[in-house]
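Step one of this worksheet: look at the structure below.
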Amino acid sequence: MTGSADVAVIGGGAAGVMAAIQAARRGRRTVLLEKNRQPGLKILISGGGRCNLTTTRQGKDLEAQYGPRRGRFLRHALRAFPPRDLCAFFESAGVRLREEDLEKIFPVSQQAREIVDALLRLAREAGVALHTGTPVHGVARDGDGFAVTTANGALRAQRVVLATGGLSYPKTGATGDGYAWCRALGHTVTATFPALAPLASDEAWLRELQGIVLQDSEIACLDGDGRATLRRRRPILFTHKGLSGPAPMDLAGDVEELAGRALVRLDFTPDRSADELDREWLEAARLHGQRRVESVLPRGLQQRVRDALLQRAGIAAETTLAGWTKEQRRALLRAVKDLRVAVPKSLGFGHAEVTRGGVVLDEIDARTMQSKTCPGLYIVGELLDVDGPIGGFNFQAAFATGRLAGLDA
Ligand SMILES: Cc1cc2nc3c(=O)[nH]c(=O)nc-3n(C[C@H](O)[C@H](O)[C@H](O)COP(=O)(O)OP(=O)(O)OC[C@H]3O[C@@H](n4cnc5c(N)ncnc54)[C@H](O)[C@@H]3O)c2cc1C
């Protein structure tokens, strides 16, 4: 492959394909370079193969999901292309979508393949020249354009859109290649951390609960001073390695950034305060002293969890309400409302759905995704220092930023 293009988009994931479609629709001669034989591998495996495309959340609430700094940067992209427009984009390409639990949008077919097929069809119709099996080796400034070197030859492009993703799930092609090019072209790249990954813990009692799912407990990540950096009230799964499921995975980025100083706090009765529980338990002890302590634990909790909580509080199973000490009551209150688990890290990039960190946002024009340090260069998707929680927020950000670049490049 040798030649020239108006726009070279590097990376055929959500952000890159969207950027290429938009640029080609404007009549720009657009080349899309993807190292894998198939574009969109991450889309194919997303949402358990079903692709949680986006969310029903909108406006400020949507922006807030990315945190204040990242949300502020994404505001333009998300307002210009909110979830309902992303849905309309795919629906007009024949993909029927529907809302499921937790405000998530999925294809009715439950097939992520439908999303990839629609994107590729739209890219073809727009006239994008797609080169798969074409790893890019380098991007360098060349006069007022760029020289792009690939395994299959070189290309000169007036504008370049970098959409090579982050470091998570490297099997899908995301091996962080774009970071070095961004640095060489004058950008700062922050430290990177696995995010949206299961949490690892060596605590044996936790592993004994493997297989159990808590539906309505709260989990929080605490920093070294015991302050909550993030709380989540979504399903929590105990595994043989620690904690997984939507809520623990949402905490992974914070846990990793805290580099071994993080604690995770579990609250098994998020709707009732410790004071309320304490009053209830005292009343139960007054009225039903012959009952076992276990009887005051929240009803919906599985037996193995009940046993573990009593054990954590140092209370023998046969202890009655009349027989427990004030210290034991307090210890059980702590176990139920404020159970702290040392969680030094997540399971890492191999298991992380996204990468936290990336190209510093201040260096990018949030209205166009054009680099402020290297005119003609656009940086989009997960390569940027942008990540969101589980729930379709990461595709939403990738498509919305990719679209802005394609409209400007
Ligand atoms: C298991 C899993 C499940 C997920 N589920 C969801 C979900 O349901 N909903 C959601 O919103 N998000 C989900 N995500 C996150 C989402 O997939 C990413 O946020 C999104 O794909 C990022 O898009 P991107 O285009 O920026 O990067 P990517 O999708 O990573 O695309 C980057 C592309 O660049 C290519 N590339 C890299 N280097 C080169 C090179 N040197 N030359 C040429 N090409 C290159 C890669 O091969 C890849 O195709 C999930 C992620 C994983 C791993």
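Every chain in the structure tokens has a letter given in the order shown (A, B, ...), and although residue numbers restart at 1 in each chain, ligands are simply numbered from 1 in the order shown.
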* Env. residues ligand 1 / 7 Å / only C-alpha atoms and all ligand atoms / as a PyMOL selection string -> chain A and resi 10-16+33-36+39-43+45-48+51-54+134-137+163-166+168-169+172-178+352-354+380-383+390-396+398
Go ahead and save the residues from that selection, with C-alpha atoms, as a JSON list (two decimals), in the first residue's frame.
[["chain", "number", "residue", "atom", "x", "y", "z"],
["A", 10, "ILE", "CA", -5.42, 4.53, 12.41],
["A", 11, "GLY", "CA", -7.33, 1.90, 14.36],
["A", 12, "GLY", "CA", -10.59, 0.27, 13.31],
["A", 13, "GLY", "CA", -12.42, 0.18, 16.64],
["A", 14, "ALA", "CA", -15.55, 2.11, 17.55],
["A", 15, "ALA", "CA", -13.85, 5.52, 17.52],
["A", 16, "GLY", "CA", -11.83, 4.97, 14.34],
["A", 33, "LEU", "CA", -5.81, 1.26, 8.71],
["A", 34, "GLU", "CA", -6.43, -1.66, 11.06],
["A", 35, "LYS", "CA", -3.83, -4.16, 12.18],
["A", 36, "ASN", "CA", -6.23, -7.05, 12.74],
["A", 39, "PRO", "CA", -12.02, -4.39, 12.54],
["A", 40, "GLY", "CA", -14.06, -3.93, 15.72],
["A", 41, "LEU", "CA", -12.87, -6.99, 17.67],
["A", 42, "LYS", "CA", -13.58, -5.25, 20.97],
["A", 43, "ILE", "CA", -17.11, -4.47, 19.86],
["A", 45, "ILE", "CA", -16.66, -9.31, 22.55],
["A", 46, "SER", "CA", -18.33, -6.42, 24.36],
["A", 47, "GLY", "CA", -21.25, -6.88, 26.69],
["A", 48, "GLY", "CA", -20.73, -10.64, 26.64],
["A", 51, "CYS", "CA", -22.61, -5.06, 22.90],
["A", 52, "ASN", "CA", -23.96, -2.63, 25.44],
["A", 53, "LEU", "CA", -23.89, 0.13, 22.85],
["A", 54, "THR", "CA", -24.83, 3.08, 25.04],
["A", 134, "THR", "CA", -2.19, -3.50, 8.16],
["A", 135, "PRO", "CA", -0.31, -2.69, 11.36],
["A", 136, "VAL", "CA", 0.90, 0.90, 11.44],
["A", 137, "HIS", "CA", 4.53, 1.18, 12.58],
["A", 163, "ALA", "CA", -7.81, 5.74, 17.29],
["A", 164, "THR", "CA", -5.59, 2.90, 18.46],
["A", 165, "GLY", "CA", -7.30, 2.45, 21.83],
["A", 166, "GLY", "CA", -5.58, 1.75, 25.14],
["A", 168, "SER", "CA", -6.85, -3.33, 27.90],
["A", 169, "TYR", "CA", -7.55, -6.76, 26.40],
["A", 172, "THR", "CA", -8.07, -7.49, 20.61],
["A", 173, "GLY", "CA", -5.24, -5.40, 19.15],
["A", 174, "ALA", "CA", -5.12, -2.69, 21.84],
["A", 175, "THR", "CA", -1.43, -2.75, 22.68],
["A", 176, "GLY", "CA", -0.90, 0.93, 23.38],
["A", 177, "ASP", "CA", 0.90, 1.66, 20.09],
["A", 178, "GLY", "CA", -0.61, 5.14, 19.85],
["A", 352, "ALA", "CA", -9.76, -4.80, 32.11],
["A", 353, "GLU", "CA", -12.52, -3.50, 29.86],
["A", 354, "VAL", "CA", -10.87, -0.09, 29.59],
["A", 380, "VAL", "CA", -10.03, 9.95, 19.81],
["A", 381, "GLY", "CA", -11.52, 7.14, 21.87],
["A", 382, "GLU", "CA", -9.77, 5.24, 24.59],
["A", 383, "LEU", "CA", -6.35, 6.55, 23.61],
["A", 390, "ILE", "CA", -19.85, -0.03, 33.00],
["A", 391, "GLY", "CA", -23.09, 0.66, 31.16],
["A", 392, "GLY", "CA", -22.33, 1.70, 27.57],
["A", 393, "PHE", "CA", -20.44, 4.86, 28.57],
["A", 394, "ASN", "CA", -17.18, 3.84, 26.94],
["A", 395, "PHE", "CA", -18.62, 3.17, 23.51],
["A", 396, "GLN", "CA", -20.64, 6.36, 23.82],
["A", 398, "ALA", "CA", -15.55, 6.51, 21.66]]
* Asked: Please, which residues of region 14-133 of chain A, numbered as in this document, come out alpha helix (DSSP H) from DSSP, as an NGL selection string?
  -> :A and (14-25 or 41-45 or 59-64 or 68-80 or 83-91 or 112-126)
Could you please take those selected residues and save C-alpha atoms as an mmCIF file, in the first residue's frame?
data_model
loop_
_atom_site.group_PDB
_atom_site.id
_atom_site.type_symbol
_atom_site.label_atom_id
_atom_site.label_comp_id
_atom_site.auth_asym_id
_atom_site.auth_seq_id
_atom_site.Cartn_x
_atom_site.Cartn_y
_atom_site.Cartn_z
ATOM 1 C CA ALA A 14 -15.550 2.113 17.553
ATOM 2 C CA ALA A 15 -13.854 5.518 17.517
ATOM 3 C CA GLY A 16 -11.830 4.969 14.341
ATOM 4 C CA VAL A 17 -14.600 3.529 12.170
ATOM 5 C CA MET A 18 -16.952 6.329 13.220
ATOM 6 C CA ALA A 19 -14.298 8.957 12.427
ATOM 7 C CA ALA A 20 -13.646 7.377 9.018
ATOM 8 C CA ILE A 21 -17.358 7.267 8.121
ATOM 9 C CA GLN A 22 -17.832 10.928 8.999
ATOM 10 C CA ALA A 23 -14.717 12.088 7.158
ATOM 11 C CA ALA A 24 -15.567 10.072 4.023
ATOM 12 C CA ARG A 25 -19.150 11.363 4.043
ATOM 13 C CA LEU A 41 -12.866 -6.993 17.669
ATOM 14 C CA LYS A 42 -13.583 -5.253 20.966
ATOM 15 C CA ILE A 43 -17.110 -4.467 19.864
ATOM 16 C CA LEU A 44 -17.598 -8.150 19.037
ATOM 17 C CA ILE A 45 -16.662 -9.307 22.547
ATOM 18 C CA GLY A 59 -27.346 15.633 29.703
ATOM 19 C CA LYS A 60 -25.427 16.564 32.835
ATOM 20 C CA ASP A 61 -26.174 13.217 34.429
ATOM 21 C CA LEU A 62 -24.474 11.475 31.493
ATOM 22 C CA GLU A 63 -21.442 13.777 31.646
ATOM 23 C CA ALA A 64 -21.140 13.265 35.403
ATOM 24 C CA PRO A 68 -15.869 16.112 36.673
ATOM 25 C CA ARG A 69 -12.687 16.623 34.649
ATOM 26 C CA ARG A 70 -13.318 14.019 31.973
ATOM 27 C CA GLY A 71 -17.025 14.881 31.887
ATOM 28 C CA ARG A 72 -16.194 18.540 31.222
ATOM 29 C CA PHE A 73 -13.928 17.589 28.333
ATOM 30 C CA LEU A 74 -16.522 15.239 26.842
ATOM 31 C CA ARG A 75 -19.389 17.726 27.164
ATOM 32 C CA HIS A 76 -19.105 18.980 23.572
ATOM 33 C CA ALA A 77 -18.802 15.532 22.049
ATOM 34 C CA LEU A 78 -21.692 14.149 24.111
ATOM 35 C CA ARG A 79 -23.970 17.121 23.466
ATOM 36 C CA ALA A 80 -23.218 17.013 19.755
ATOM 37 C CA PRO A 83 -26.961 8.526 23.197
ATOM 38 C CA ARG A 84 -30.256 9.069 21.366
ATOM 39 C CA ASP A 85 -28.367 10.253 18.262
ATOM 40 C CA LEU A 86 -26.023 7.281 18.484
ATOM 41 C CA CYS A 87 -29.080 5.027 18.665
ATOM 42 C CA ALA A 88 -30.663 6.836 15.688
ATOM 43 C CA PHE A 89 -27.402 6.414 13.759
ATOM 44 C CA PHE A 90 -27.565 2.616 14.150
ATOM 45 C CA GLU A 91 -31.327 2.381 13.817
ATOM 46 C CA ALA A 112 -22.628 -7.438 18.757
ATOM 47 C CA ARG A 113 -21.844 -8.609 15.228
ATOM 48 C CA GLU A 114 -24.811 -6.558 14.011
ATOM 49 C CA ILE A 115 -23.124 -3.363 15.242
ATOM 50 C CA VAL A 116 -19.825 -4.190 13.528
ATOM 51 C CA ASP A 117 -21.563 -5.193 10.302
ATOM 52 C CA ALA A 118 -23.552 -1.951 10.264
ATOM 53 C CA LEU A 119 -20.418 0.137 10.835
ATOM 54 C CA LEU A 120 -18.529 -1.623 8.058
ATOM 55 C CA ARG A 121 -21.443 -1.288 5.660
ATOM 56 C CA LEU A 122 -21.710 2.442 6.404
ATOM 57 C CA ALA A 123 -17.952 2.831 5.959
ATOM 58 C CA ARG A 124 -18.121 1.072 2.581
ATOM 59 C CA GLU A 125 -21.087 3.163 1.461
ATOM 60 C CA ALA A 126 -19.283 6.354 2.480
#
* Among the residues A:Ala195, A:Ala342, A:Ile236, A:Ala220, the one that comes closest to Val386 (chain A) [using only C-alpha atoms] -> A:Ala195
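You can rank A:Gly211, A:Pro246, A:Gly314, A:Gly357 by their closest distance to Leu333 (chain A) using only C-alpha atoms, and at the top of that list sits A:Gly314.
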Within 8 Å of region 343-346 of chain A, which residues of region 243-282 of chain A come that close, and what is the closest atom pair and distance in Å for each? Count only C-alpha atoms and give it as CSV.
residue,atom,partner,partner_atom,distance
A:Ala252,CA,A:Ser346,CA,5.8
A:Val255,CA,A:Lys345,CA,6.1
A:Glu256,CA,A:Lys345,CA,5.6
A:Ala259,CA,A:Pro344,CA,6.9
A:Gly260,CA,A:Pro344,CA,4.2
A:Arg261,CA,A:Pro344,CA,6.7
A:Ala262,CA,A:Val343,CA,6.2
A:Leu263,CA,A:Val343,CA,5.7
A:Val264,CA,A:Val343,CA,6.4
So that I have them on file, write out the residues from the current selection with C-alpha atoms, as a short mmCIF file (atom, residue, chain, number, x, y, z; two decimals), in the first residue's frame.
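Everything below was put into selection18.cif:
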data_model
loop_
_atom_site.label_atom_id
_atom_site.label_comp_id
_atom_site.auth_asym_id
_atom_site.auth_seq_id
_atom_site.Cartn_x
_atom_site.Cartn_y
_atom_site.Cartn_z
CA ALA A 252 -10.91 -1.00 39.64
CA VAL A 255 -8.07 0.85 43.25
CA GLU A 256 -5.24 0.77 40.72
CA ALA A 259 -1.43 1.65 44.15
CA GLY A 260 -1.94 -0.76 47.02
CA ARG A 261 -3.42 1.79 49.46
CA ALA A 262 -7.05 1.07 48.57
CA LEU A 263 -9.53 -0.62 50.83
CA VAL A 264 -12.93 -1.73 49.67
#
* Interatomic distance between CA of Leu32 (chain A) and CA of Leu130 (chain A)? -> 4.8 Å
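The shortest atom-to-atom distance to Pro170 (chain A), with only C-alpha atoms taken into account, belongs to A:Pro194 out of A:Phe81, A:Cys221, A:Ala366, A:Pro194.
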At a cut-off of 6 Å, using only C-alpha atoms, what residues contact Ala405 (chain A)? Leave out same-chain residues fewer than 4 positions from it and give the result as a compact mmCIF listing (two decimals) with N, CA and C atoms, in the first residue's frame.
# COMPACT_ATOMS: atom_id res chain seq x y z
N ALA A 19 -15.02 7.80 12.98
CA ALA A 19 -14.30 8.96 12.43
C ALA A 19 -14.17 8.81 10.91
N THR A 368 -13.32 19.54 18.55
CA THR A 368 -12.97 18.88 17.28
C THR A 368 -12.11 17.64 17.47
N MET A 369 -11.53 17.47 18.64
CA MET A 369 -10.58 16.39 18.95
C MET A 369 -9.23 16.61 18.23
N ALA A 409 -11.66 16.60 10.34
CA ALA A 409 -10.34 16.24 9.77
C ALA A 409 -10.30 16.45 8.25
